[in-house]
Structure formats: C-alpha cells, structure tokens
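To start, the structure itself, in structure tokens.
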Amino acid sequence: MSDIRNFTMNFGPQHPSAHGVLRLILEMDGEVITKADPHIGLLHRATEKLAESKPYNQNIGYMDRLDYVSMMCNEHGYVMAIEKLLGITPPLRALYIRTLFDEITRILNHLLWLGAHALDLGAMTVFLYTFREREDLIDCYEAVSGSRMHATYYRPGGVKSDLPDSMPKYQPSRWHNKQEVKKMNANRQGSLLDFIWDFTERFPRCVDEYETLLTNNRIWKQRTVDIGIVTAERALQNGFSGPMLRGSGVAWDLRKKQPYAAYEHVDFDIPIGLNGDCYDRYLVRVEELRQSNHIIRQCINWLRQNPGPVSIDDHKIVPPRRINMKRDMESMIHHFKLFTEGYCLPAGEAYAAVEHPKGEFGVYLLSDGANKPYRLKIRAPSFNHLASLDEMTQGHMLADVVTVLSSQDIVFGEVDR
Amino acid sequence: MTDLKHISSLIQERYADFVLTSAIAHEELTLEVSREHLRSLCVVLRDDVDLKFEELMDICGVDYLQYGISEWTTTSATSSGFERAVSKEGHTVLTWNKPRFAVVYHLLSITHNHRLRLRVFVDNDPLCVDSVTDIWSSANWNERETYDLFGIIFQNHPDLRRILTDYGFSGHPFRKDFPLIGDVEMRYDAQQGRVIYEPVSIEPRTLVPRVIRNEHPADKEENV
C-alpha cells in the first residue's frame with residue numbers, strides 16, 4: 001500500500017466559488033492546505049495599455065469594467081487623478097453627488113459580497129434577500145446615467161448631469177397588471193432623491209434581516225470564526241486596505257484620514273474587527289452597510305437644500321450644453337475639439353486614491369502633456385489581498401479556502417485589469 | 001497629514017546619501033533613488049520612527065521610450081481625414097534624457113498618515129533592480145507583474161514568474177514598442193483539432209492621434 005499523502009489539486013478556473021476566473025493550484029496534505037498558488041490573468045485585458053491609446057475621457061468607461069460591482073468608485077479614483085493634474089476642483093454639489101453615489105456603490109458591492117459569501121458557505125437565502133435591495137440601487141444608477149452597471153457618470157470637473165427630477169416607472173405588461181404596477185411604482189412618484197430616501201428608510205431593517213440569518217447562526221460561526229486570521233502587522237506587510245485591514249483591527253479609512261469629495265462634511269464611524277478572521281471581516285462589512293446608509297441620508301438632506309452647478313464651467317474640459325452648441329460658434333468649436341482630440345494634461349504625475357468598497361483604489365497617472373495618459377497604473381485592492389491567499393489558507397482545510405477567498409471580496413475585473 | 005516639506009527635509013537630513021533628488025508636486029513627495037541605495041533607503045523608510053512607511057501600496061513600471069513624442073502634425077487642411085497627419089515615428093516635443101525604464105514605488109504610512117513615491121531609473125544593461133519582497137511582502141506579486149509587463153528583473157525575488165499574461169507568452173506587453181494589438185492571434189484549427197497561434201492579421205490604426213499641446217488649461221493663468 002502506498003504511503004504518499006501529499007497531492008496537488010487544481011481549483012477553478014471554472015468553479016462557482018472561484019469568483020470569476022481564478023485558478024488555484026493547491027498542494028494538499030490529506031485535506032489540509034500546505035500551499036495555495038493562485039494563477040491569475042485569465043481576465044487580463046491590458047486596461048492600462050488600452051488607456052494609453054485613448055483620450056482621457058474615453059477611458060472612464062474602462063474604469064467601470066475593472067471592478068464591475070463597484071463601478072462608480074473606480075471612476076472616482078480616475079477622475080480624481082485627472083483633476084489633480086489639471087488643478088481643478090468640482091463644485092460642492094458634484095462632490096456631494098459623488099459621495100452619495102460612492103456610498104450607494106459601497107452598499108451595492110457589500111450586498112453582492114454578502115450574498116455571494118453566504119452562498120459560498122451554503123446559505124442560499126441571503127443571496128435572494130440582498131439582490132432584492134440591489135435592484136433598487138441599480139435603478140438609481142440607471143436613473144442618473146442610463147446604464148444599470150457601467151455608468152460613466154463621473155467626469156473630470158464634476159458629474160455628467162444633475163440628479164433627475166423623476167424616477168423611471170414600471171409599465172403594465174403581460175406579467176404585471178395595472179394594479180400591481182401601481183403598487184410597484186408607489187415609491188417612484190417623486191424625484192430620485194425621494195426614491196433613495198425611501199430606500200434608506202427601509203434598508204436598516206433589511207440589514208437586520210441578513211443579520212438574523214447569519215450573525216448568531218451556529219453554522220455560520222463555525223465556518224467563519226478563527227478562519228483565515230490575519231494579524232494587524234501581517235495585514236500591513238501584505239499591503240491590505242479597506243475592510244480587510246479594518247477587520248484586522250487597524251482603524252484606517254481614507255474617507256476619514258485623507259478626506260476627498262464631501263467626506264469631511266458628513267458624519268460616520270469606521271468599524272474595526274478584533275481578531276482579523278473571516279467573521280470579523282463579515283461584521284465590519286455589515287456595519288459599513290449601516291454607516292453608508294447613514295452617509296447617504298446626510299447627502300440627500302444637503303442635496304435637497306443646495307441646488308447648483310454639478311460641473312465646472314471650463315468648456316475646454318467639460319462639453320458645453322447642446323443648446324449652446326446650436327447657437328454659439330465657440331461652444332461648437334469646444335465640442336468639436338473635445339470629442340475629436342480631448343484635452344491635454346500638463347506634464348507631471350499624480351496618484352489619487354479613494355476608499356473603494358474593497359480597499360484603497362489608487363490611480364497613478366503619468367502625463368507627458370498629451371491628450372492621452374502616458375502611463376496609467378491602477379492599484380487594485382483585490383490584487384494585494386489575493387496575493388496573500390497562500391498565507392491566509394496555510395494549515396486550513398479545503399473547504400476553508402472558499403471561505404477565505406470569498407471573505408477577501410475578490411473581483412477579477414480588477415485583479416487582472 | 002504631516003507636512004510634506006517636513007518629511008522631505010527630514011529625509012534629506014538623515015538619509016541624504018541615499019536620495020538623488022526630491023520634489024514636491026501636486027501635494028505629493030517624490031524621491032529619486034539610485035539602484036544601489038534602493039534597499040537601504042526602503043529599510044530606513046519603513047523602520048524610522050518618524051517616517052514609518054509600513055505599507056507598500058503599489059509598484060509600477062514605466063517605459064519612457066515614447067515620452068514627449070507627439071504623433072500628429074499638420075499645417076494645412078486636406079480632404080483625406082486626420083490620418084494624413086499621423087506620423088508613425090512621431091516628432092519629439094519633450095526630449096527625454098534619462099534611462100528608458102523606471103520602477104515607481106508608492107508607500108503609505110498608517111501611523112503618520114503620509115505618502116511617498118520612490119522612483120528608481122533602470123539602465124538597459126542589465127535591466128534589473130533589487131527586490132524589496134523581504135522588506136514588504138506585498139512587493140511579491142507587484143514585482144512579478146512589473147517583470148511580466150516590462151521585463152524588469154527583480155534580483156533575489158523568491159518566485160519571479162509571469163503573472164498576468166498567458167502561459168507560454170513571449171514579450172513584455174507594456175513596453176512602448178510592443179504593439180497594442182499584440183503579435184499573435186489564436187484560433188481553433190479544425191484540421192489540426194487544436195487551438196493555434198498565428199501572427200496578427202489586423203492592421204494597427206490610430207483612432208485619436210496623440211497630440212501634445214503646449215497650452216494647458218492649468219497653465220492658462222500663467223500664459224495670459
């Protein structure tokens with residue numbers, strides 16, 4: 001009888017809990033992991049290289065496709081880097097709108113994460129619950145940008161347009177009669193802000209529902225407590241950021257420490273974990289859902305009281321209004337120049353970082369004075385998190401790899417770029 | 001956030017031997033360091049109690065081959081579209097007289113809440129830098145990525161393999177002389193019953209030419 005117990009196992013890239021296209025080469029001692037070697041790059045699209053061949057504004061759309069569950073936060077990092085080099089500041093209303101949508105995005109991201117994480121661990125219901133709420137928020141995306149996912153809503157100098165006064169409404173169909181449609185449209189009668197306000201009224205109770213299913217659930221705790229522990233020191237060494245770092249007990253949040261957009265005007269707390277295990281990271285993210293809800297309400301109150309411009313007035317950077325293009329020669333020239341050539345950035349370099357739902361999303365922009373980036377480097381939080389998967393799964397069982405992986409909140413759009 | 005000038009002078013004071021130049025632009029501090037002193041500087045940046053750069057956020061390779069080269073020039077109007085004025089070689093607007101490659105490190109101090117950028121220029125022969133993996137473990141994958149995309153070798157890296165490109169890929173795709181559309185394309189060949197690679201069949205095309213304008217919106221005040 002053979003005595004060999006070590007073997008190598010291939011995990012993914014077509015595995016439902018590989019969160020996209022991760023291929024893991026696992027070296028196992030029985031059912032215990034001795035080494036995990038992630039093979040990434042199956043979704044590599046060379047976004048950074050593509051960006052070098054496109055004018056600045058045409059790249060905003062590529063940013064959405066990096067981390068495709070927190071679209072607007074990616075755009076935010078990119079437009080902030082451009083604004084830094086151009087030396088422009090958007091109007092305060094645009095900053096509040098960005099804050100509002102960053103937090104909507106954070107909830108979107110955390111809801112998807114929570115649903116997928118629970119699903120990976122065998123809890124089916126949570127996924128259905130979280131997608132119910134995600135639907136409303138994706139409708140908000142659609143209302144401002146016309147797109148449910150890849151919004152391209154943030155622009156250098158502000159946002160694409162002001163918040164709409166009305167929400168799109170459901171129409172009667174074969175599946176929903178007039179009565180039902182009336183009920184479905186009940187909270188869509190007012191403006192977008194009214195709709196989001198209605199959402200924030202409901203949402204804390206929804207989070208309670210998720211927590212009822214999970215937080216004190218015996219099976220949930222058995223699967224997550226003390227799994228994938230990262231000490232604060234190791235978290236810093238491994239370049240962690242966002243909920244991964246806070247889960248390990250480091251109170252670090254760019255929204256507080258290096259405030260951008262309107263974060264210095266809003267009140268919120270940053271939750272931190274104690275043990276740095278999967279359960280703590282879960283608790284941190286769930287609390288972030290509640291805090292984001294709190295920020296959104298403050299933004300809505302401010303936005304309701306302070307109408308005003310949502311982008312700067314410099315038509316060398318922001319396209320002029322269409323109505324002016326029809327009447328005014330100069331506006332027409334600006335429009336033509338912007339859409340055929342774009343605008344040039346002064347030579348120089350800038351690094352802009354935002355507190356993305358997954359961690360620090362940084363954009364390093366190097367310009368030589370042209371209308372395209374000379375070099376664009378995207379610092380994706382998940383990249384560093386996935387890099388420490390080997391360390392985090394050391395000595396755990398095979399089933400825990402899935403737990404650790406999904407508690408890292410990996411999205412391959414940004415790992416592979 | 002700590003004042004950048006303060007950090008800059010502090011570094012100049014204590015570690016002047018390691019630093020070539022230091023500059024502050026857009027509220028960011030950039031240090032240029034020579035290859036020989038990179039590791040010694042990194043260690044003190046991490047361990048000095050007044051600096052404490054515990055986190056290495058990012059490593060980025062840069063290829064300066066086409067820096068400051070505009071590919072579009074025209075004086076007269078024609079009817080043949082903008083491609084008439086696109087020159088493949090380009091004409092130089094800014095001259096670059098430093099080495100072709102650079103590696104850029106972004107550091108962050110959680111304790112003092114400040115950031116720093118380190119830049120190391122790499123001469124072509126040999127194209128290598130010392131690895132900082134043992135100083136910050138997060139350098140591991142970032143260095144692999146820079147190696148993969150630019151071909152810069154990180155000496156004493158524990159596991160320098162390609163990371164983002166395909167198994168068996170040749171070339172370093174983020175170099176400026178690597179075409180955007182790549183060198184090879186793949187398809188399924190029914191006769192051979194497998195996927196095969198062939199040289200690319202599509203022509204590269206410029207959609208929006210690269211233009212360098214001297215008048216930038218940000219300098220407008222100075223020019224007036």
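Residue numbering restarts at 1 in every chain; chains get A, B, ... in the order shown in the structure tokens, and ligands count up from 1 in that same order.
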Counting only C-alpha atoms, chain A residues within 7 Å of chain B, as a PyMOL selection string:
chain A and resi 40-41+44+49+54+84+86-87+236-239+340-341+344-346+350+368-372+375+377+379+384+387+416
Spatial neighbours of Tyr68 (chain A), max dist 8 Å, only C-alpha atoms, sep filter under 5 positions, as a PyMOL selection string:
chain A and resi 149-150+411+413
Which value, in Å to one decimal, gives the distance between CA of Asn185 (chain A) and CA of Tyr141 (chain A)?
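Spanning CA of Asn185 (chain A) to CA of Tyr141 (chain A) is a straight-line distance of 17.1 Å.
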Counting only C-alpha atoms, the residue of A:Leu254, A:Leu100, A:Gly12, A:Ile333 that sits nearest Ala352 (chain A)
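Among the listed residues, the smallest separation from Ala352 (chain A) belongs to A:Leu254.
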Contacts of region 35-38 of chain B at 12 Å (only C-alpha atoms; same-chain gap of 4+ positions) as JSON, numbers by chain:
{"B": [15, 16, 17, 18, 19, 20, 31, 42, 43, 44, 45, 102, 103, 104, 105, 118, 119, 120, 121, 122, 123, 126, 127, 128, 129, 130, 131, 132, 135, 154, 155]}
